[in-house]
Structure formats: C-alpha cells, structure tokens
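Printed here is model.cif (mmCIF, C-alpha atoms (C1' of nucleotides)):
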```cif
data_structure
#
loop_
_atom_site.label_atom_id
_atom_site.label_comp_id
_atom_site.auth_asym_id
_atom_site.auth_seq_id
_atom_site.Cartn_x
_atom_site.Cartn_y
_atom_site.Cartn_z
CA MET I 1 -30.25 52.11 -32.18
CA ALA I 2 -28.11 49.94 -29.97
CA LYS I 3 -28.09 46.35 -31.16
CA ALA I 4 -26.98 43.39 -29.07
CA ALA I 5 -23.57 43.63 -30.75
CA ASP I 6 -23.05 47.18 -29.58
CA LEU I 7 -23.73 46.30 -25.96
CA LEU I 8 -20.38 44.55 -25.70
CA GLN I 9 -18.26 47.20 -27.43
CA LEU I 10 -15.21 47.81 -25.25
CA ASP I 11 -14.75 51.42 -26.29
CA SER I 12 -18.31 52.36 -25.44
CA MET I 13 -18.00 51.10 -21.89
CA LEU I 14 -17.65 53.47 -18.97
CA CYS I 15 -16.11 50.72 -16.86
CA PHE I 16 -13.17 50.32 -19.24
CA ALA I 17 -12.69 54.08 -19.53
CA VAL I 18 -12.43 54.26 -15.74
CA TYR I 19 -10.23 51.18 -15.53
CA SER I 20 -7.76 52.33 -18.17
CA ALA I 21 -7.66 55.92 -16.87
CA SER I 22 -6.89 54.57 -13.41
CA HIS I 23 -3.92 52.63 -14.74
CA ALA I 24 -2.78 55.65 -16.73
CA PHE I 25 -2.76 57.65 -13.50
CA THR I 26 -0.68 54.98 -11.79
CA ARG I 27 1.79 55.03 -14.68
CA PHE I 28 1.91 58.82 -14.55
CA TYR I 29 2.59 58.82 -10.81
CA LYS I 30 5.16 56.03 -10.89
CA PRO I 31 8.29 58.06 -11.75
CA ARG I 32 7.20 60.90 -9.43
CA LEU I 33 6.59 58.54 -6.52
CA ASP I 34 9.82 56.65 -7.12
CA SER I 35 11.69 59.68 -5.80
CA LEU I 36 9.68 59.40 -2.54
CA ASP I 37 10.17 55.63 -2.49
CA LEU I 38 6.39 55.14 -2.28
CA THR I 39 3.94 53.10 -4.30
CA TYR I 40 0.70 54.76 -5.36
CA PRO I 41 -1.49 53.07 -2.69
CA GLN I 42 1.17 53.87 -0.08
CA TYR I 43 1.00 57.51 -1.20
CA LEU I 44 -2.78 57.47 -0.74
CA ALA I 45 -2.37 56.09 2.79
CA CYS I 46 0.10 58.89 3.54
CA LEU I 47 -2.36 61.48 2.23
CA VAL I 48 -4.94 60.19 4.69
CA LEU I 49 -2.48 60.26 7.59
CA TRP I 50 -1.19 63.72 6.70
CA GLU I 51 -4.78 64.90 7.00
CA GLN I 52 -5.47 63.02 10.23
CA ASP I 53 -2.83 61.21 12.23
CA GLY I 54 -3.52 58.36 14.67
CA LEU I 55 -6.38 56.74 12.75
CA THR I 56 -7.23 53.09 13.31
CA VAL I 57 -6.52 50.58 10.56
CA LYS I 58 -10.24 50.28 9.97
CA ALA I 59 -10.83 54.03 9.66
CA LEU I 60 -7.94 54.38 7.24
CA GLY I 61 -9.26 51.48 5.18
CA GLU I 62 -12.73 53.02 5.02
CA ARG I 63 -11.25 56.30 3.84
CA LEU I 64 -9.58 54.49 0.92
CA PHE I 65 -12.35 51.89 0.38
CA LEU I 66 -9.90 49.07 1.10
CA ASP I 67 -10.24 46.12 3.46
CA SER I 68 -7.87 44.78 6.10
CA GLY I 69 -6.37 42.24 3.73
CA THR I 70 -4.96 45.17 1.77
CA THR I 71 -4.31 47.73 4.47
CA THR I 72 -2.58 45.54 7.04
CA PRO I 73 0.36 44.49 4.84
CA LEU I 74 0.55 47.96 3.23
CA LEU I 75 0.87 49.60 6.65
CA LYS I 76 3.43 47.04 7.73
CA ARG I 77 5.52 48.02 4.73
CA LEU I 78 5.20 51.70 5.63
CA GLU I 79 6.27 50.76 9.16
CA ALA I 80 9.26 48.77 7.86
CA ARG I 81 10.20 51.88 5.84
CA GLY I 82 10.12 53.95 9.03
CA LEU I 83 7.26 56.23 7.97
CA VAL I 84 4.63 55.11 10.50
CA ARG I 85 4.34 53.49 13.89
CA ARG I 86 1.59 50.90 14.62
CA GLN I 87 0.32 50.91 18.17
CA ARG I 88 -2.46 48.99 19.93
CA ASP I 89 -5.16 51.20 21.36
CA GLU I 90 -5.06 50.88 25.15
CA ARG I 91 -8.78 51.47 25.60
CA ASP I 92 -9.78 48.90 22.98
CA GLU I 93 -7.07 46.42 22.30
CA ARG I 94 -8.74 45.16 19.15
CA GLN I 95 -7.76 48.40 17.45
CA VAL I 96 -4.37 49.40 16.08
CA ARG I 97 -3.66 53.08 15.60
CA ILE I 98 -1.31 54.40 12.94
CA TYR I 99 0.97 57.31 13.79
CA LEU I 100 3.35 59.08 11.42
CA THR I 101 6.99 59.13 12.48
CA GLU I 102 9.03 62.30 12.08
CA GLU I 103 10.29 60.93 8.80
CA GLY I 104 6.71 60.28 7.72
CA GLN I 105 5.69 63.84 8.57
CA ALA I 106 8.74 65.26 6.83
CA LEU I 107 7.93 63.36 3.62
CA ARG I 108 4.89 65.58 3.22
CA GLU I 109 7.03 68.48 2.01
CA LYS I 110 8.55 66.42 -0.76
CA ALA I 111 5.11 65.16 -1.75
CA LEU I 112 3.85 68.66 -2.51
CA SER I 113 5.55 68.59 -5.88
CA ILE I 114 3.32 65.75 -7.07
CA PRO I 115 -0.06 67.49 -7.29
CA LEU I 116 1.77 70.37 -8.98
CA SER I 117 3.00 67.94 -11.60
CA VAL I 118 -0.53 66.63 -12.13
CA GLY I 119 -1.82 70.18 -12.41
CA LYS I 120 0.72 70.85 -15.10
CA ALA I 121 -0.20 67.73 -17.09
CA LEU I 122 -3.89 68.69 -17.02
CA GLU I 123 -3.24 72.39 -17.48
CA GLY I 124 -6.15 74.38 -18.83
CA ASN I 125 -8.73 71.80 -17.82
CA ALA I 126 -9.22 72.83 -14.19
CA GLU I 127 -13.00 73.15 -14.28
CA ALA I 128 -13.46 69.98 -16.31
CA VAL I 129 -11.23 68.15 -13.84
CA ALA I 130 -13.24 69.34 -10.85
CA ALA I 131 -16.51 68.41 -12.55
CA MET I 132 -15.20 65.00 -13.51
CA ARG I 133 -14.05 64.35 -9.96
CA ARG I 134 -17.52 65.07 -8.59
CA GLU I 135 -19.17 62.85 -11.19
CA LEU I 136 -16.78 60.01 -10.41
CA GLN I 137 -17.47 60.34 -6.69
CA ASN I 138 -21.17 60.12 -7.50
CA LEU I 139 -20.56 57.14 -9.79
CA ARG I 140 -18.67 55.34 -7.03
CA SER I 141 -21.48 55.73 -4.56
CA MET I 142 -24.09 54.64 -7.12
CA LEU I 143 -22.08 51.51 -7.90
CA ASP I 144 -21.50 50.68 -4.26
CA ALA I 145 -25.21 51.13 -3.59
CA ALA I 146 -26.21 48.98 -6.58
CA ALA I 147 -23.64 46.30 -5.78
CA LEU I 148 -25.88 45.15 -2.95
CA ASP I 149 -28.67 43.82 -5.24
CA MET U 1 -7.25 80.25 -2.68
CA ALA U 2 -5.58 76.88 -2.60
CA LYS U 3 -2.98 76.71 0.15
CA ALA U 4 -0.23 74.15 0.35
CA ALA U 5 -2.37 72.13 2.76
CA ASP U 6 -5.19 71.83 0.24
CA LEU U 7 -2.92 70.47 -2.44
CA LEU U 8 -2.71 67.14 -0.66
CA GLN U 9 -6.41 66.73 0.17
CA LEU U 10 -7.42 63.22 -0.82
CA ASP U 11 -11.03 64.09 -1.62
CA SER U 12 -10.07 66.88 -3.98
CA MET U 13 -7.91 64.62 -6.10
CA LEU U 14 -9.05 63.36 -9.47
CA CYS U 15 -6.62 60.45 -9.28
CA PHE U 16 -8.30 59.06 -6.17
CA ALA U 17 -11.78 59.57 -7.61
CA VAL U 18 -10.73 57.52 -10.64
CA TYR U 19 -8.96 54.91 -8.53
CA SER U 20 -11.85 54.37 -6.13
CA ALA U 21 -14.46 54.40 -8.91
CA SER U 22 -12.46 51.76 -10.75
CA HIS U 23 -12.47 49.50 -7.71
CA ALA U 24 -16.18 50.15 -7.20
CA PHE U 25 -16.77 48.94 -10.77
CA THR U 26 -14.78 45.79 -10.11
CA ARG U 27 -16.81 45.13 -6.95
CA PHE U 28 -20.02 45.76 -8.89
CA TYR U 29 -19.01 43.34 -11.66
CA LYS U 30 -17.73 40.62 -9.34
CA PRO U 31 -21.02 38.82 -8.56
CA ARG U 32 -22.19 39.20 -12.18
CA LEU U 33 -18.93 37.79 -13.56
CA ASP U 34 -18.85 34.96 -11.05
CA SER U 35 -21.73 33.35 -12.94
CA LEU U 36 -19.56 33.38 -16.09
CA ASP U 37 -16.55 32.17 -14.11
CA LEU U 38 -14.52 35.16 -15.36
CA THR U 39 -12.49 37.82 -13.57
CA TYR U 40 -12.94 41.42 -14.67
CA PRO U 41 -9.70 41.60 -16.71
CA GLN U 42 -10.55 38.25 -18.29
CA TYR U 43 -13.94 39.69 -19.22
CA LEU U 44 -12.20 42.65 -20.88
CA ALA U 45 -9.99 40.27 -22.88
CA CYS U 46 -13.10 38.40 -24.01
CA LEU U 47 -14.75 41.67 -25.07
CA VAL U 48 -11.74 42.36 -27.30
CA LEU U 49 -11.81 38.87 -28.82
CA TRP U 50 -15.58 38.93 -29.36
CA GLU U 51 -14.99 42.08 -31.41
CA GLN U 52 -12.01 40.69 -33.30
CA ASP U 53 -10.87 37.09 -33.11
CA GLY U 54 -7.36 35.88 -33.88
CA LEU U 55 -5.48 38.90 -32.54
CA THR U 56 -1.85 38.60 -31.48
CA VAL U 57 -0.96 38.81 -27.80
CA LYS U 58 0.61 42.20 -28.46
CA ALA U 59 -2.43 43.62 -30.27
CA LEU U 60 -4.72 42.45 -27.52
CA GLY U 61 -2.46 43.97 -24.89
CA GLU U 62 -2.41 47.31 -26.73
CA ARG U 63 -6.19 47.31 -26.89
CA LEU U 64 -6.34 46.95 -23.08
CA PHE U 65 -3.21 49.02 -22.33
CA LEU U 66 -1.57 46.02 -20.67
CA ASP U 67 1.87 44.53 -21.21
CA SER U 68 2.95 40.95 -21.85
CA GLY U 69 3.67 40.33 -18.17
CA THR U 70 -0.06 40.71 -17.58
CA THR U 71 -1.56 39.36 -20.79
CA THR U 72 0.46 36.18 -21.15
CA PRO U 73 -0.60 34.57 -17.86
CA LEU U 74 -4.16 35.91 -18.22
CA LEU U 75 -4.51 34.31 -21.65
CA LYS U 76 -3.02 31.06 -20.37
CA ARG U 77 -5.72 30.99 -17.73
CA LEU U 78 -8.41 31.57 -20.38
CA GLU U 79 -6.83 28.74 -22.37
CA ALA U 80 -6.81 26.44 -19.33
CA ARG U 81 -10.49 27.26 -18.91
CA GLY U 82 -11.13 26.22 -22.50
CA LEU U 83 -12.26 29.62 -23.77
CA VAL U 84 -9.37 30.37 -26.14
CA ARG U 85 -6.70 28.62 -28.18
CA ARG U 86 -3.15 30.03 -28.41
CA GLN U 87 -1.41 29.37 -31.71
CA ARG U 88 1.95 30.47 -33.12
CA ASP U 89 1.66 32.49 -36.29
CA GLU U 90 3.20 30.49 -39.14
CA ARG U 91 4.39 33.54 -41.05
CA ASP U 92 6.07 35.14 -38.03
CA GLU U 93 6.83 32.66 -35.32
CA ARG U 94 7.48 35.37 -32.75
CA GLN U 95 3.76 36.05 -32.67
CA VAL U 96 1.07 34.05 -30.90
CA ARG U 97 -2.49 34.45 -32.08
CA ILE U 98 -5.49 34.03 -29.80
CA TYR U 99 -8.60 32.31 -31.12
CA LEU U 100 -11.88 31.83 -29.28
CA THR U 101 -13.04 28.23 -28.90
CA GLU U 102 -16.70 27.36 -29.44
CA GLU U 103 -17.18 27.63 -25.71
CA GLY U 104 -15.55 31.06 -25.77
CA GLN U 105 -17.85 32.23 -28.55
CA ALA U 106 -20.88 30.79 -26.78
CA LEU U 107 -20.07 32.66 -23.58
CA ARG U 108 -20.84 35.90 -25.39
CA GLU U 109 -24.58 35.28 -25.13
CA LYS U 110 -24.42 34.92 -21.37
CA ALA U 111 -22.27 38.06 -21.15
CA LEU U 112 -25.00 40.23 -22.70
CA SER U 113 -26.79 40.43 -19.37
CA ILE U 114 -23.89 42.30 -17.80
CA PRO U 115 -24.05 45.65 -19.65
CA LEU U 116 -27.82 45.53 -19.08
CA SER U 117 -27.18 45.28 -15.36
CA VAL U 118 -24.80 48.25 -15.51
CA GLY U 119 -27.36 50.22 -17.49
CA LYS U 120 -29.91 49.53 -14.79
CA ALA U 121 -27.59 50.64 -11.99
CA LEU U 122 -26.86 53.93 -13.80
CA GLU U 123 -30.42 54.37 -15.03
CA GLY U 124 -31.37 57.90 -15.93
CA ASN U 125 -27.78 59.05 -16.37
CA ALA U 126 -27.21 57.88 -19.93
CA GLU U 127 -25.98 61.20 -21.32
CA ALA U 128 -23.81 61.93 -18.29
CA VAL U 129 -22.31 58.45 -18.60
CA ALA U 130 -21.47 58.92 -22.27
CA ALA U 131 -19.92 62.34 -21.57
CA MET U 132 -17.90 61.00 -18.67
CA ARG U 133 -16.61 58.14 -20.79
CA ARG U 134 -15.33 60.54 -23.45
CA GLU U 135 -13.68 62.76 -20.85
CA LEU U 136 -11.99 59.78 -19.24
CA GLN U 137 -10.70 58.60 -22.61
CA ASN U 138 -9.30 62.06 -23.13
CA LEU U 139 -7.81 62.06 -19.64
CA ARG U 140 -6.10 58.74 -20.29
CA SER U 141 -4.44 59.98 -23.44
CA MET U 142 -3.33 63.22 -21.74
CA LEU U 143 -1.78 61.26 -18.89
CA ASP U 144 -0.06 58.81 -21.19
CA ALA U 145 1.31 61.70 -23.22
CA ALA U 146 2.50 63.58 -20.13
CA ALA U 147 3.99 60.46 -18.57
CA LEU U 148 6.85 60.71 -21.03
CA ASP U 149 8.32 63.90 -19.50
"C1'" DC S 1 -21.87 37.61 35.92
"C1'" DA S 2 -21.91 34.37 31.77
"C1'" DC S 3 -22.04 33.27 27.23
"C1'" DG S 4 -23.25 34.01 22.40
"C1'" DA S 5 -22.70 37.66 18.94
"C1'" DT S 6 -20.08 41.22 17.06
"C1'" DT S 7 -15.94 43.67 15.92
"C1'" DA S 8 -10.84 44.72 14.69
"C1'" DG S 9 -7.10 43.14 12.74
"C1'" DA S 10 -4.18 39.47 10.74
"C1'" DT S 11 -3.35 35.65 7.52
"C1'" DT S 12 -3.62 32.77 3.28
"C1'" DG S 13 -4.44 32.13 -1.46
"C1'" DC S 14 -5.09 33.81 -6.00
"C1'" DG S 15 -5.21 36.98 -9.93
"C1'" DC S 16 -3.77 40.99 -11.61
"C1'" DG S 17 -0.21 44.89 -13.23
"C1'" DC S 18 4.24 46.11 -14.11
"C1'" DA S 19 9.45 46.39 -14.04
"C1'" DA S 20 13.33 43.83 -15.25
"C1'" DC S 21 15.13 40.45 -17.68
"C1'" DC S 22 15.46 36.40 -20.98
"C1'" DT S 23 15.06 33.80 -25.44
"C1'" DA S 24 13.98 33.17 -30.06
"C1'" DA S 25 12.59 35.03 -34.46
"C1'" DT S 26 12.89 38.66 -37.68
"C1'" DT S 27 14.63 42.82 -39.73
"C1'" DC S 28 18.14 46.12 -40.95
"C1'" DC S 29 22.33 47.43 -43.10
"C1'" DG S 30 26.98 47.31 -44.36
"C1'" DC T 1 25.34 37.09 -46.92
"C1'" DG T 2 26.11 38.01 -41.86
"C1'" DG T 3 26.05 40.09 -37.58
"C1'" DA T 4 23.79 43.95 -34.83
"C1'" DA T 5 19.46 45.75 -33.62
"C1'" DT T 6 14.70 45.17 -33.04
"C1'" DT T 7 10.52 42.74 -31.92
"C1'" DA T 8 7.17 39.22 -29.71
"C1'" DG T 9 6.32 36.65 -26.10
"C1'" DG T 10 7.52 34.53 -21.72
"C1'" DT T 11 9.36 34.47 -16.77
"C1'" DT T 12 10.34 36.23 -12.11
"C1'" DG T 13 9.59 39.12 -8.31
"C1'" DC T 14 6.88 42.30 -5.77
"C1'" DG T 15 2.90 44.99 -4.25
"C1'" DC T 16 -1.65 45.42 -4.38
"C1'" DG T 17 -6.97 44.02 -3.82
"C1'" DC T 18 -10.13 40.98 -2.14
"C1'" DA T 19 -12.52 36.60 -0.50
"C1'" DA T 20 -12.33 33.46 3.10
"C1'" DT T 21 -10.96 32.33 7.41
"C1'" DC T 22 -8.87 32.85 12.01
"C1'" DT T 23 -8.00 34.86 16.73
"C1'" DA T 24 -8.61 37.91 20.33
"C1'" DA T 25 -11.15 41.61 22.44
"C1'" DT T 26 -15.46 43.73 23.38
"C1'" DC T 27 -20.43 44.10 23.59
"C1'" DG T 28 -25.19 42.67 24.50
"C1'" DT T 29 -28.61 39.96 26.65
"C1'" DG T 30 -30.54 37.19 29.95
#
```

As structure tokens, how would this structure be written, given the file I've shared?
Amino acid sequence: MAKAADLLQLDSMLCFAVYSASHAFTRFYKPRLDSLDLTYPQYLACLVLWEQDGLTVKALGERLFLDSGTTTPLLKRLEARGLVRRQRDERDERQVRIYLTEEGQALREKALSIPLSVGKALEGNAEAVAAMRRELQNLRSMLDAAALD
Amino acid sequence: MAKAADLLQLDSMLCFAVYSASHAFTRFYKPRLDSLDLTYPQYLACLVLWEQDGLTVKALGERLFLDSGTTTPLLKRLEARGLVRRQRDERDERQVRIYLTEEGQALREKALSIPLSVGKALEGNAEAVAAMRRELQNLRSMLDAAALD
DNA sequence: CACGATTAGATTGCGCGCAACCTAATTCCG
DNA sequence: CGGAATTAGGTTGCGCGCAATCTAATCGTG
C-alpha cells in the first residue's frame, strides 16, 4: 500500500514525467530548429499560422494555451525576423491580426523535415505515440477543468 | 494517408500535447504551491531532497534533468528562503552539498496535501495515469538518446 | 446618447531553462 | 612532481510563461 512517504516520490509522479519529457522534446528540437533560426515556441506559433493565417493575437494564444504576456513579445520577435506582419484590425481596432510574410510562408517547406526527424526517433512506436497524444490531450483538459476549484 | 500538409498539424503532434499538458500541470499546481510559498521547480527540488538529503548540486540537477545554470540560482533562492543550507564538501571543494534546514524538513508535512489534490483531480484514472507515466519516462529516454544524432 | 463594464493587446517584474563562458579544484599521465 | 585535461559550480544573456496592471476600443444598459 502507498504510505505517506510514497506520496512524495518524484519518480512516481505523472507531473514530473510530463515536465521532464517536455524538456527532452525541447532539447531534441533545439538543433533541428537552429537551422530554421526558430525557438520551439516560435515554431509552434508558425505551425498555427501555417494552418490558418491572419489570426488575432488572442486566437493564436488560445490555440497554444498562452496569454498575451507571452504571445505579444514572441510575435514581435517573429516580426523583427521578417516572418510575420502585425496589423490592427480595421473593424475592431482592439485586435491585431498576424499575417505570414512570403518568407514566413516559405519557411514551411524547410520545416517539413522536423516531424520526419521526430518520426525517425520514435520509429516503431506509431500507435503508442498516437494513443499517448490523445491521453495527454485528455489530461490537459482534466487539469484545466480541475484548476478552477 | 498522411500528406505533407498533415505533417505540420499542431493537434496531431505529440510534442505539443506534452508541452501543453506540462503547462497545464504547472497552472494546476500554482495555487496549491502558493500556500507553501514554492514555485513548481522549487517543489521538485524539495521532493528530491526529501528523498535524499545532502546531495551535491550536480546530483540534484541530474535527478531533475537540469543544468547548473538553472539549479544554482534556484537553490540560492531556496537558501534565501531558509529551506536549505549550501555547504562546500570538505573532501572535494569543487562540490557544494545541499542540506535541508529544519524548516525545509518541516515543509514536507504541508506538501503531502498536494499529491492528494492531484489524485482527486485525476480520480478514477489511476491505472491510466501509471501507464502514461511509464510511457513518458520511456519517451524521455528515447528523445535524450536520439538527441545525440 | 452616455457611462460603466468588458475586451484586446501591451508592459513590467520575476523565475525558470539553457547556451556559452569563467574560475577553481581535482585528476591524469608523462 | 608538474602541467594538461577534466570536473563542479557559478555567471551572463536571452527567450519564454505568467501574474498583475495599464490603456484604448467596444459593448451593454438605462
């Protein structure tokens, strides 16, 4: 049975498994993203924009579960790098819409090699990977729901 | 079949599922850790020390997969808060050993409520949680191994 | 229409997380 | 023994990630 001592065992904790796997992913991506001159969160923002261009800052933040304190400076860095353009919405001037530049759109081709590299590293575990992804998505929504109590 | 377009779909990516679940955990822990006056990484460091006191900075960093640029300032903050003592090893003066103070040891009792709160949030998923944890540990080691290429 | 409430985005401050680099202590080897 | 190589820890710089706060634009209600 689980004693009080066991409750605080680092290696039995799901939170630490998620936390350390997340950092391992970032480390794995680092050298691959260096060749695109992107950080990992910047890469995620590009993924969102490659799927749907012209999103507002808020919509992009909701897609990544990040708030404006994170997204605003990140998008300004992408703008400084010439990958996106930030433009006030004319209908609602509170909103700022993010548009990929030609360079930003072109970067997509180079980015294709990255998921291939991940696929290679996790070769032979395709079903397990897909199942894990779904469980993690479920975990995230359970945690966000429970965070309100 | 997976086309090129699908390769870059955010919601099909394991990396993003891990990344966003990790942040969801941090958000979930935040209000619980506020009452202990600890950040999440500081809580992890305490978990390690509650298991084994007197570790070197390096050993503690290896346990958490963090380097000295992260652990040194984190441990200095725990020291400033009165939870740990940092002491040069007499045998090998390159090393600094970390010892819990009485206050640091006492905090352990208050921390017990936290895994209980997590257990409640994930109630009814105990086996799935344990399986996911093992898969994530495996994922982390696969990524760290593949990161070398 | 007017005015309080809400909303979008920006800003500041702080704690990670890591690369790059530095110093001091120890080890390795001729 | 003595100098090169290695190791532990610390420092700096930068990009997140988020709480708290601010401003400006829009909405909602009387």

So which residues touch DA10 (chain S) within 12 Å, counting all atoms listed in the file, skipping near sequence neighbours fewer than 6 positions away, as a PyMOL selection string? (chain I and resi 57+67-73+76+94-96) or (chain T and resi 21-24)

In Å to one decimal, how far is CA of Gln105 (chain U) from CA of Trp50 (chain U)? 7.1 Å

If you count all atoms listed in the file, which residues fall within 10 Å of region 1-4 of chain S, apart from same-chain ones fewer than 3 positions away, as a list in words?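 So the residues in contact are DG28, DT29 and DG30 of chain T.
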
Could you state the separation of CA of Ala17 (chain I) and CA of Leu136 (chain I) in Å, given to one decimal place? 11.6 Å

Considering all atoms listed in the file, tabulate each residue of chain T that lies at most 9 Å from region 11-22 of chain S along with its nearest interatomic pair and the corresponding distance in Å to one decimal; arrange the rows by chain and ascending residue number and present them as a tab-separated table.
```
residue	atom	partner	partner_atom	distance
T:DG10	C1'	S:DC22	C1'	8.2
T:DT11	C1'	S:DC22	C1'	7.7
T:DT12	C1'	S:DC21	C1'	8.5
T:DC16	C1'	S:DC16	C1'	8.7
T:DG17	C1'	S:DC16	C1'	9.0
T:DA20	C1'	S:DT12	C1'	8.7
T:DT21	C1'	S:DT11	C1'	8.3
T:DC22	C1'	S:DT11	C1'	7.6
```

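Using all atoms listed in the file, the smallest distance between any of I:Leu107, I:Ala128, I:Leu75, I:Leu55 and chain U comes from I:Ala128.
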
Contact residues around Phe65 (chain I) with all atoms listed in the file at 9 Å, ignoring same-chain residues under 5 positions, as number ranges by chain: I: 60; U: 20, 23-24

From the list U:Leu78, U:Ile98, U:Cys46, U:Ala146, which residue is nearest chain I when using all atoms listed in the file?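 Distance minimum relative to chain I lands on U:Ala146.
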
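CA of Asp11 (chain U) is found 10.8 Å from CA of Ala130 (chain I).
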
Selection result of the PyMOL selection byres ((chain I) within 6 of (chain U)) on this file, as a list in words: Leu14, Ala17, Val18, Tyr19, Ala21, Ser22, Ala24, Phe28, Ala121, Arg133, Leu136, Gln137, Arg140, Ala146 and Ala147 of chain I

Counting all atoms listed in the file, figure out which residue out of U:Lys58, U:Gly119, U:Asp89, U:Glu103 gets nearest to chain T.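 Among the listed residues, U:Lys58 lies closest to chain T.
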
Expand the PyMOL selection byres ((chain U and resi 86) around 6) into the explicit residue set it covers here, and present it as a PyMOL selection string. chain U and resi 85+87+97-98

Would you output that residue set with C-alpha atoms, as a tab-separated table (two decimals), keeping the file's coordinate frame?
```
chain	number	residue	atom	x	y	z
U	85	ARG	CA	-6.70	28.62	-28.18
U	87	GLN	CA	-1.41	29.37	-31.71
U	97	ARG	CA	-2.49	34.45	-32.08
U	98	ILE	CA	-5.49	34.03	-29.80
```

Protein/DNA/RNA residues near (7.4, 53.4, 6.7), cut 10 Å, all atoms listed in the file, as a compact mmCIF listing (two decimals) with C-alpha atoms, in the coordinates of the input:
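The resulting file, result.txt, is shown below:
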```
# COMPACT_ATOMS: atom_id res chain seq x y z
CA ASP I 37 10.17 55.63 -2.49
CA LEU I 38 6.39 55.14 -2.28
CA GLN I 42 1.17 53.87 -0.08
CA CYS I 46 0.10 58.89 3.54
CA LEU I 74 0.55 47.96 3.23
CA LEU I 75 0.87 49.60 6.65
CA LYS I 76 3.43 47.04 7.73
CA ARG I 77 5.52 48.02 4.73
CA LEU I 78 5.20 51.70 5.63
CA GLU I 79 6.27 50.76 9.16
CA ALA I 80 9.26 48.77 7.86
CA ARG I 81 10.20 51.88 5.84
CA GLY I 82 10.12 53.95 9.03
CA LEU I 83 7.26 56.23 7.97
CA VAL I 84 4.63 55.11 10.50
CA ARG I 85 4.34 53.49 13.89
CA LEU I 100 3.35 59.08 11.42
CA THR I 101 6.99 59.13 12.48
CA GLU I 103 10.29 60.93 8.80
CA GLY I 104 6.71 60.28 7.72
```

Give me the residues within 12 Å of DG3 (chain T) as a ChimeraX atom specification, counting only C-alpha atoms (C1' of nucleotides) and dropping any in the same chain fewer than 6 places off. /S:27-30

Apply the PyMOL selection byres ((chain T and resi 7) around 12) to the structure shown and report the selected residues as JSON, numbers by chain. {"U": [58, 92, 93, 94, 95], "S": [23, 24, 25, 26, 27], "T": [5, 6, 8, 9]}

Rank nothing, just name the residue among I:Leu36, I:Gln52, I:Tyr43, I:Gly61 nearest to chain S, using only C-alpha atoms (C1' of nucleotides).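 Of I:Leu36, I:Gln52, I:Tyr43, I:Gly61, the one nearest chain S is I:Gly61, counting only C-alpha atoms (C1' of nucleotides).
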
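Ranking I:Glu90, I:Ser35, I:Thr56, I:Ala126 by their shortest atom-to-atom distance to chain S, with all atoms listed in the file included, puts I:Thr56 first.
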
Atoms kept (N, CA and C atoms) for region 21-37 of chain U, as a PDB file, in the first residue's frame:
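Printed below is decode38.pdb as written:
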```pdb
ATOM      1  N   ALA U  21       0.359  19.944 -21.866  1.00  0.00           N
ATOM      2  CA  ALA U  21      -0.002  19.244 -20.628  1.00  0.00           C
ATOM      3  C   ALA U  21       0.932  19.661 -19.502  1.00  0.00           C
ATOM      4  N   SER U  22       2.189  19.877 -19.836  1.00  0.00           N
ATOM      5  CA  SER U  22       3.149  20.303 -18.817  1.00  0.00           C
ATOM      6  C   SER U  22       2.764  21.664 -18.245  1.00  0.00           C
ATOM      7  N   HIS U  23       2.380  22.582 -19.116  1.00  0.00           N
ATOM      8  CA  HIS U  23       1.956  23.894 -18.631  1.00  0.00           C
ATOM      9  C   HIS U  23       0.662  23.801 -17.846  1.00  0.00           C
ATOM     10  N   ALA U  24      -0.230  22.897 -18.262  1.00  0.00           N
ATOM     11  CA  ALA U  24      -1.486  22.726 -17.528  1.00  0.00           C
ATOM     12  C   ALA U  24      -1.199  22.225 -16.112  1.00  0.00           C
ATOM     13  N   PHE U  25      -0.212  21.329 -15.976  1.00  0.00           N
ATOM     14  CA  PHE U  25       0.189  20.876 -14.640  1.00  0.00           C
ATOM     15  C   PHE U  25       0.699  22.040 -13.803  1.00  0.00           C
ATOM     16  N   THR U  26       1.546  22.853 -14.399  1.00  0.00           N
ATOM     17  CA  THR U  26       2.085  23.995 -13.656  1.00  0.00           C
ATOM     18  C   THR U  26       0.960  24.917 -13.193  1.00  0.00           C
ATOM     19  N   ARG U  27      -0.004  25.167 -14.081  1.00  0.00           N
ATOM     20  CA  ARG U  27      -1.144  26.012 -13.697  1.00  0.00           C
ATOM     21  C   ARG U  27      -1.948  25.354 -12.588  1.00  0.00           C
ATOM     22  N   PHE U  28      -2.102  24.025 -12.678  1.00  0.00           N
ATOM     23  CA  PHE U  28      -2.857  23.311 -11.645  1.00  0.00           C
ATOM     24  C   PHE U  28      -2.156  23.408 -10.288  1.00  0.00           C
ATOM     25  N   TYR U  29      -0.841  23.260 -10.303  1.00  0.00           N
ATOM     26  CA  TYR U  29      -0.069  23.287  -9.050  1.00  0.00           C
ATOM     27  C   TYR U  29       0.015  24.677  -8.439  1.00  0.00           C
ATOM     28  N   LYS U  30       0.009  25.708  -9.285  1.00  0.00           N
ATOM     29  CA  LYS U  30       0.278  27.066  -8.827  1.00  0.00           C
ATOM     30  C   LYS U  30      -0.461  27.457  -7.536  1.00  0.00           C
ATOM     31  N   PRO U  31      -1.798  27.398  -7.503  1.00  0.00           N
ATOM     32  CA  PRO U  31      -2.483  27.826  -6.276  1.00  0.00           C
ATOM     33  C   PRO U  31      -2.155  26.927  -5.083  1.00  0.00           C
ATOM     34  N   ARG U  32      -1.918  25.632  -5.341  1.00  0.00           N
ATOM     35  CA  ARG U  32      -1.571  24.724  -4.235  1.00  0.00           C
ATOM     36  C   ARG U  32      -0.182  25.042  -3.689  1.00  0.00           C
ATOM     37  N   LEU U  33       0.751  25.375  -4.577  1.00  0.00           N
ATOM     38  CA  LEU U  33       2.124  25.654  -4.142  1.00  0.00           C
ATOM     39  C   LEU U  33       2.245  27.042  -3.533  1.00  0.00           C
ATOM     40  N   ASP U  34       1.357  27.943  -3.923  1.00  0.00           N
ATOM     41  CA  ASP U  34       1.398  29.285  -3.338  1.00  0.00           C
ATOM     42  C   ASP U  34       1.311  29.220  -1.814  1.00  0.00           C
ATOM     43  N   SER U  35       0.536  28.262  -1.305  1.00  0.00           N
ATOM     44  CA  SER U  35       0.373  28.183   0.150  1.00  0.00           C
ATOM     45  C   SER U  35       1.642  27.651   0.821  1.00  0.00           C
ATOM     46  N   LEU U  36       2.537  27.042   0.039  1.00  0.00           N
ATOM     47  CA  LEU U  36       3.839  26.621   0.583  1.00  0.00           C
ATOM     48  C   LEU U  36       4.915  27.646   0.244  1.00  0.00           C
ATOM     49  N   ASP U  37       4.539  28.659  -0.517  1.00  0.00           N
ATOM     50  CA  ASP U  37       5.485  29.679  -0.974  1.00  0.00           C
ATOM     51  C   ASP U  37       6.635  29.043  -1.780  1.00  0.00           C
TER      52      ASP U  37
END
```
